[in-house]
Structures are given as structure tokens and as C-alpha cells.
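Note sheet for the following structure.
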Amino acid sequence: MILLVGLGNPGPRYAYHRHNIGFMALDDIVERHRFAPFRSKFRGQLADGELAGVRTLAFKPMTFMNESGRAVGEAVRFFKLEPGQVTVIHDDLDLAPGRCRVKRGGGAGGHNGLRSLDSQIGKEYWRVRLGIGHPGDKTLVHNYVLHDFGSDEEAWLDPLLEAVARAIPLLVEGTPDKFMTKVALETRPDGGGKE
């Protein structure tokens, strides 16, 4: 079993914020792969599905970003999961817009959602880092992540979300390099490897 977590803040006010790209990606995965509808569970929204023949639970914490770990921790303990069975999709300021990287473990890098997760389930979970770019000045970060994507950003955002949803079975299969390659090919400006 895999627990696939999207990070974001709950409610319509935050729905299109840069900080909510994890929620956006998870919603696309659930829709594309025909998961069951989301239901309330573990202080979040949980949907049941299957990816690459593996039971996969899609989870959106409804505790706000800074407390994400509490909700995820409840789910992890209930299902008796190891950190390596958890994959978290989140925004990353240090990656260029539209880029995608995967790694297991590491630091929180100033991300409050990851910091909360680290405190509840340890650091050895998988991270799908979706680049949103940096505003250029540290003092602008808070405002930047808590504002909507601009219409000019849709040119890279929509293809990225679609590519992640299409490629996610490769990650569940245990081939993160193939996942990253497929996403990179599909998000090339020329539309490289789209199905």
C-alpha cells in the first residue's frame, strides 16, 4: 500500500495558491486514475484507488500546511505504514517553474508542511518536488506562495500537473528516475513525449 499525500491549505480561498500545487496534482491523479470519491478521514480527505497494481490512498490534509504532519501521522499510524510507503507532493521554491524532482528523505528546506511531516513520521518519506520558482527576495516568499498562480503561469502549470498524473504509476512501481524522465519529456516546450 502507498499513501500519496498532496500538500496545501483547505478551502476555496487557497485553491489556486502556489502553495497548493500538491493538492492540484493529487486531484488530477485521482481524476485520471478513477479513484473513489474523497471522503473525510484522519482530519483530511482520503480517496482509495490503484496505481500500477498497488492499492494507493490519496490524501489531502485539511489541517492547514503548518499542521499537515498531524493528519498524515494519523493515517500512517492507522494503516501501519513505514515512511518509505508515503509519497508527498509539494511546492518547491528552489526549483524553476514547471520542473519536477523526486527524492527520498532530506531536510524541510524552510517548508512548514515538510517540517510538520518530519516531526510526525520522520524524514525518510518520498518527496515529489514541483517547482514554482522563487520571487527573488526572501522577504517576498510568504506573499508569493500564498497568492494565486498568474494566468501567464498556466502555460507550464497545466502541462506539469497533467504529466505528473500520467507518470505517477512509474513512481509507485519504484522507478523514480523513469517518472522524472517522463514528466520532463512531457513538459518540454515542444510537447516531447505526450501520449
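Each chain in the C-alpha cells gets a letter, A, B and so on, in the order shown; residues start at 1 in every chain, and ligands are counted from 1 in the order they appear.
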
Report as a VMD selection string all protein, DNA and RNA residues lying within 10 Å of Leu46 in chain A, evaluated on only C-alpha atoms, omitting residues in the same chain fewer than 5 positions from it. chain A and resid 3 to 5 35 to 41 57 to 61 75

Export of prior selection with C-alpha atoms as a tab-separated table (two decimals), in the first residue's frame:
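Okay, this is what ended up in part-v4.tsv:
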```
chain	number	residue	atom	x	y	z
A	3	LEU	CA	-0.09	6.76	0.85
A	4	LEU	CA	0.09	9.58	-1.69
A	5	VAL	CA	-0.16	12.96	0.04
A	35	PHE	CA	-10.06	6.74	-7.62
A	36	ALA	CA	-13.15	6.52	-5.41
A	37	PRO	CA	-14.50	9.93	-4.33
A	38	PHE	CA	-12.75	11.73	-1.48
A	39	ARG	CA	-14.24	11.17	1.97
A	40	SER	CA	-13.43	12.77	5.32
A	41	LYS	CA	-10.93	10.77	7.36
A	57	LEU	CA	-4.58	6.08	-0.90
A	58	ALA	CA	-4.67	9.72	-1.98
A	59	PHE	CA	-4.74	12.08	0.99
A	60	LYS	CA	-5.18	15.84	1.41
A	61	PRO	CA	-4.67	17.07	5.00
A	75	ALA	CA	-3.22	7.96	8.58
```

Spatial neighbours of Thr63 in chain A, max dist 12 Å, only C-alpha atoms, sep filter under 2 positions, as a PyMOL selection string: chain A and resi 7-11+41-45+59-61+65-74+113+116

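CA of His19 in chain A sits 26.7 Å away from CA of Met1 in chain A.
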
Residue neighbourhood range 120-131 of chain A, 10 Å, only C-alpha atoms, exclusion window fewer than 6 positions, as a compact mmCIF listing (two decimals) with C-alpha atoms, in the first residue's frame:
```
# COMPACT_ATOMS: atom_id res chain seq x y z
CA LEU A 4 0.09 9.58 -1.69
CA VAL A 5 -0.16 12.96 0.04
CA GLY A 6 -0.76 16.31 -1.59
CA ARG A 18 1.19 28.35 -5.42
CA ILE A 21 0.19 22.75 -6.12
CA GLY A 22 0.32 19.47 -4.14
CA ALA A 25 -1.57 17.46 -8.57
CA GLU A 67 -0.08 21.13 10.80
CA SER A 68 -0.06 18.71 7.86
CA GLY A 69 2.02 16.18 9.77
CA ARG A 70 -0.68 15.63 12.39
CA ALA A 71 -3.24 14.47 9.82
CA VAL A 72 -0.70 12.43 7.82
CA GLY A 73 0.65 10.90 11.04
CA GLU A 74 -2.85 9.68 11.97
CA VAL A 76 0.29 6.46 8.72
CA ARG A 77 -0.30 5.01 12.19
CA LEU A 81 2.83 2.32 7.12
CA GLU A 82 6.58 2.85 7.02
CA PRO A 83 7.85 6.27 5.88
CA GLY A 84 9.03 4.68 2.61
CA GLN A 85 5.37 3.89 1.78
CA VAL A 86 4.50 7.60 1.92
CA THR A 87 4.96 9.95 -1.04
CA VAL A 88 4.36 13.67 -0.55
CA ILE A 89 3.72 16.08 -3.44
CA HIS A 90 4.59 19.68 -2.61
CA ASP A 91 5.67 23.06 -3.95
CA ASP A 92 9.38 23.88 -4.11
CA LEU A 93 10.70 27.44 -4.32
CA ASP A 94 14.21 26.28 -5.22
CA LEU A 95 13.13 24.59 -8.46
CA ALA A 96 12.39 26.53 -11.62
CA PRO A 97 8.69 26.75 -12.50
CA GLY A 98 7.47 23.54 -14.11
CA ARG A 99 10.39 21.38 -13.00
CA CYS A 100 9.86 18.14 -11.09
CA ARG A 101 12.29 16.27 -8.86
CA VAL A 102 11.90 13.20 -6.65
CA LYS A 103 13.96 12.22 -3.66
CA ARG A 104 13.66 10.20 -0.51
CA GLY A 105 14.45 11.89 2.79
CA GLY A 106 16.23 15.19 3.27
CA GLY A 107 15.54 18.42 5.07
CA ALA A 108 12.46 20.61 5.11
CA LEU A 114 7.52 19.22 5.39
CA LEU A 157 1.38 24.61 -14.72
CA LEU A 160 3.11 19.80 -15.38
CA LEU A 161 0.02 18.64 -13.49
CA VAL A 164 2.62 14.11 -13.12
CA LEU A 171 6.82 6.23 -9.20
CA PRO A 176 11.58 7.43 -9.71
CA MET A 180 11.11 12.19 -13.64
```

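Residue nearest Trp156 in chain A within the list A:Ile132, A:Met62, A:Ile168, A:Leu26: A:Ile132 [criterion: smallest interatomic distance, only C-alpha atoms].
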
Tell me, as a PDB file with N, CA and C atoms, in the first residue's frame, which residues lie within 10 Å of Asp158 in chain A, counting only C-alpha atoms; anything in the same chain fewer than 3 positions away does not count.
```
ATOM      1  N   MET A  24      -3.461  20.298  -6.088  1.00  0.00           N
ATOM      2  CA  MET A  24      -3.837  20.311  -7.501  1.00  0.00           C
ATOM      3  C   MET A  24      -3.372  19.036  -8.198  1.00  0.00           C
ATOM      4  N   ALA A  25      -2.116  18.658  -7.940  1.00  0.00           N
ATOM      5  CA  ALA A  25      -1.565  17.455  -8.566  1.00  0.00           C
ATOM      6  C   ALA A  25      -2.322  16.214  -8.107  1.00  0.00           C
ATOM      7  N   GLY A  98       7.727  24.643 -13.198  1.00  0.00           N
ATOM      8  CA  GLY A  98       7.469  23.537 -14.114  1.00  0.00           C
ATOM      9  C   GLY A  98       8.414  22.360 -13.988  1.00  0.00           C
ATOM     10  N   GLU A 153       1.353  31.810 -15.880  1.00  0.00           N
ATOM     11  CA  GLU A 153       1.970  30.575 -15.382  1.00  0.00           C
ATOM     12  C   GLU A 153       1.226  29.315 -15.836  1.00  0.00           C
ATOM     13  N   GLU A 154       0.019  29.478 -16.344  1.00  0.00           N
ATOM     14  CA  GLU A 154      -0.759  28.316 -16.787  1.00  0.00           C
ATOM     15  C   GLU A 154      -0.066  27.562 -17.914  1.00  0.00           C
ATOM     16  N   ALA A 155       0.767  28.259 -18.679  1.00  0.00           N
ATOM     17  CA  ALA A 155       1.471  27.633 -19.804  1.00  0.00           C
ATOM     18  C   ALA A 155       2.370  26.499 -19.347  1.00  0.00           C
ATOM     19  N   LEU A 161       0.990  19.428 -14.255  1.00  0.00           N
ATOM     20  CA  LEU A 161       0.021  18.641 -13.491  1.00  0.00           C
ATOM     21  C   LEU A 161      -0.447  17.427 -14.287  1.00  0.00           C
ATOM     22  N   GLU A 162      -0.678  17.619 -15.577  1.00  0.00           N
ATOM     23  CA  GLU A 162      -1.098  16.509 -16.434  1.00  0.00           C
ATOM     24  C   GLU A 162       0.000  15.443 -16.532  1.00  0.00           C
ATOM     25  N   ALA A 163       1.232  15.878 -16.698  1.00  0.00           N
ATOM     26  CA  ALA A 163       2.350  14.943 -16.825  1.00  0.00           C
ATOM     27  C   ALA A 163       2.562  14.148 -15.540  1.00  0.00           C
ATOM     28  N   THR A 187       6.756  17.744 -20.516  1.00  0.00           N
ATOM     29  CA  THR A 187       6.636  19.177 -20.233  1.00  0.00           C
ATOM     30  C   THR A 187       7.619  20.012 -21.039  1.00  0.00           C
TER      31      THR A 187
END
```

Assign secondary structure with DSSP using the backbone only, and return the residues of range 26-191 of chain A in alpha helix (DSSP H) as JSON, numbers by chain. {"A": [26, 27, 28, 29, 30, 31, 32, 68, 69, 70, 71, 72, 73, 74, 75, 76, 77, 78, 79, 112, 113, 114, 115, 116, 117, 118, 119, 120, 121, 141, 142, 143, 144, 145, 154, 155, 156, 157, 158, 159, 160, 161, 162, 163, 164, 165, 166, 167, 168, 169, 170, 171, 172, 176, 177, 178, 179, 180, 181, 182, 183, 184, 185, 186]}
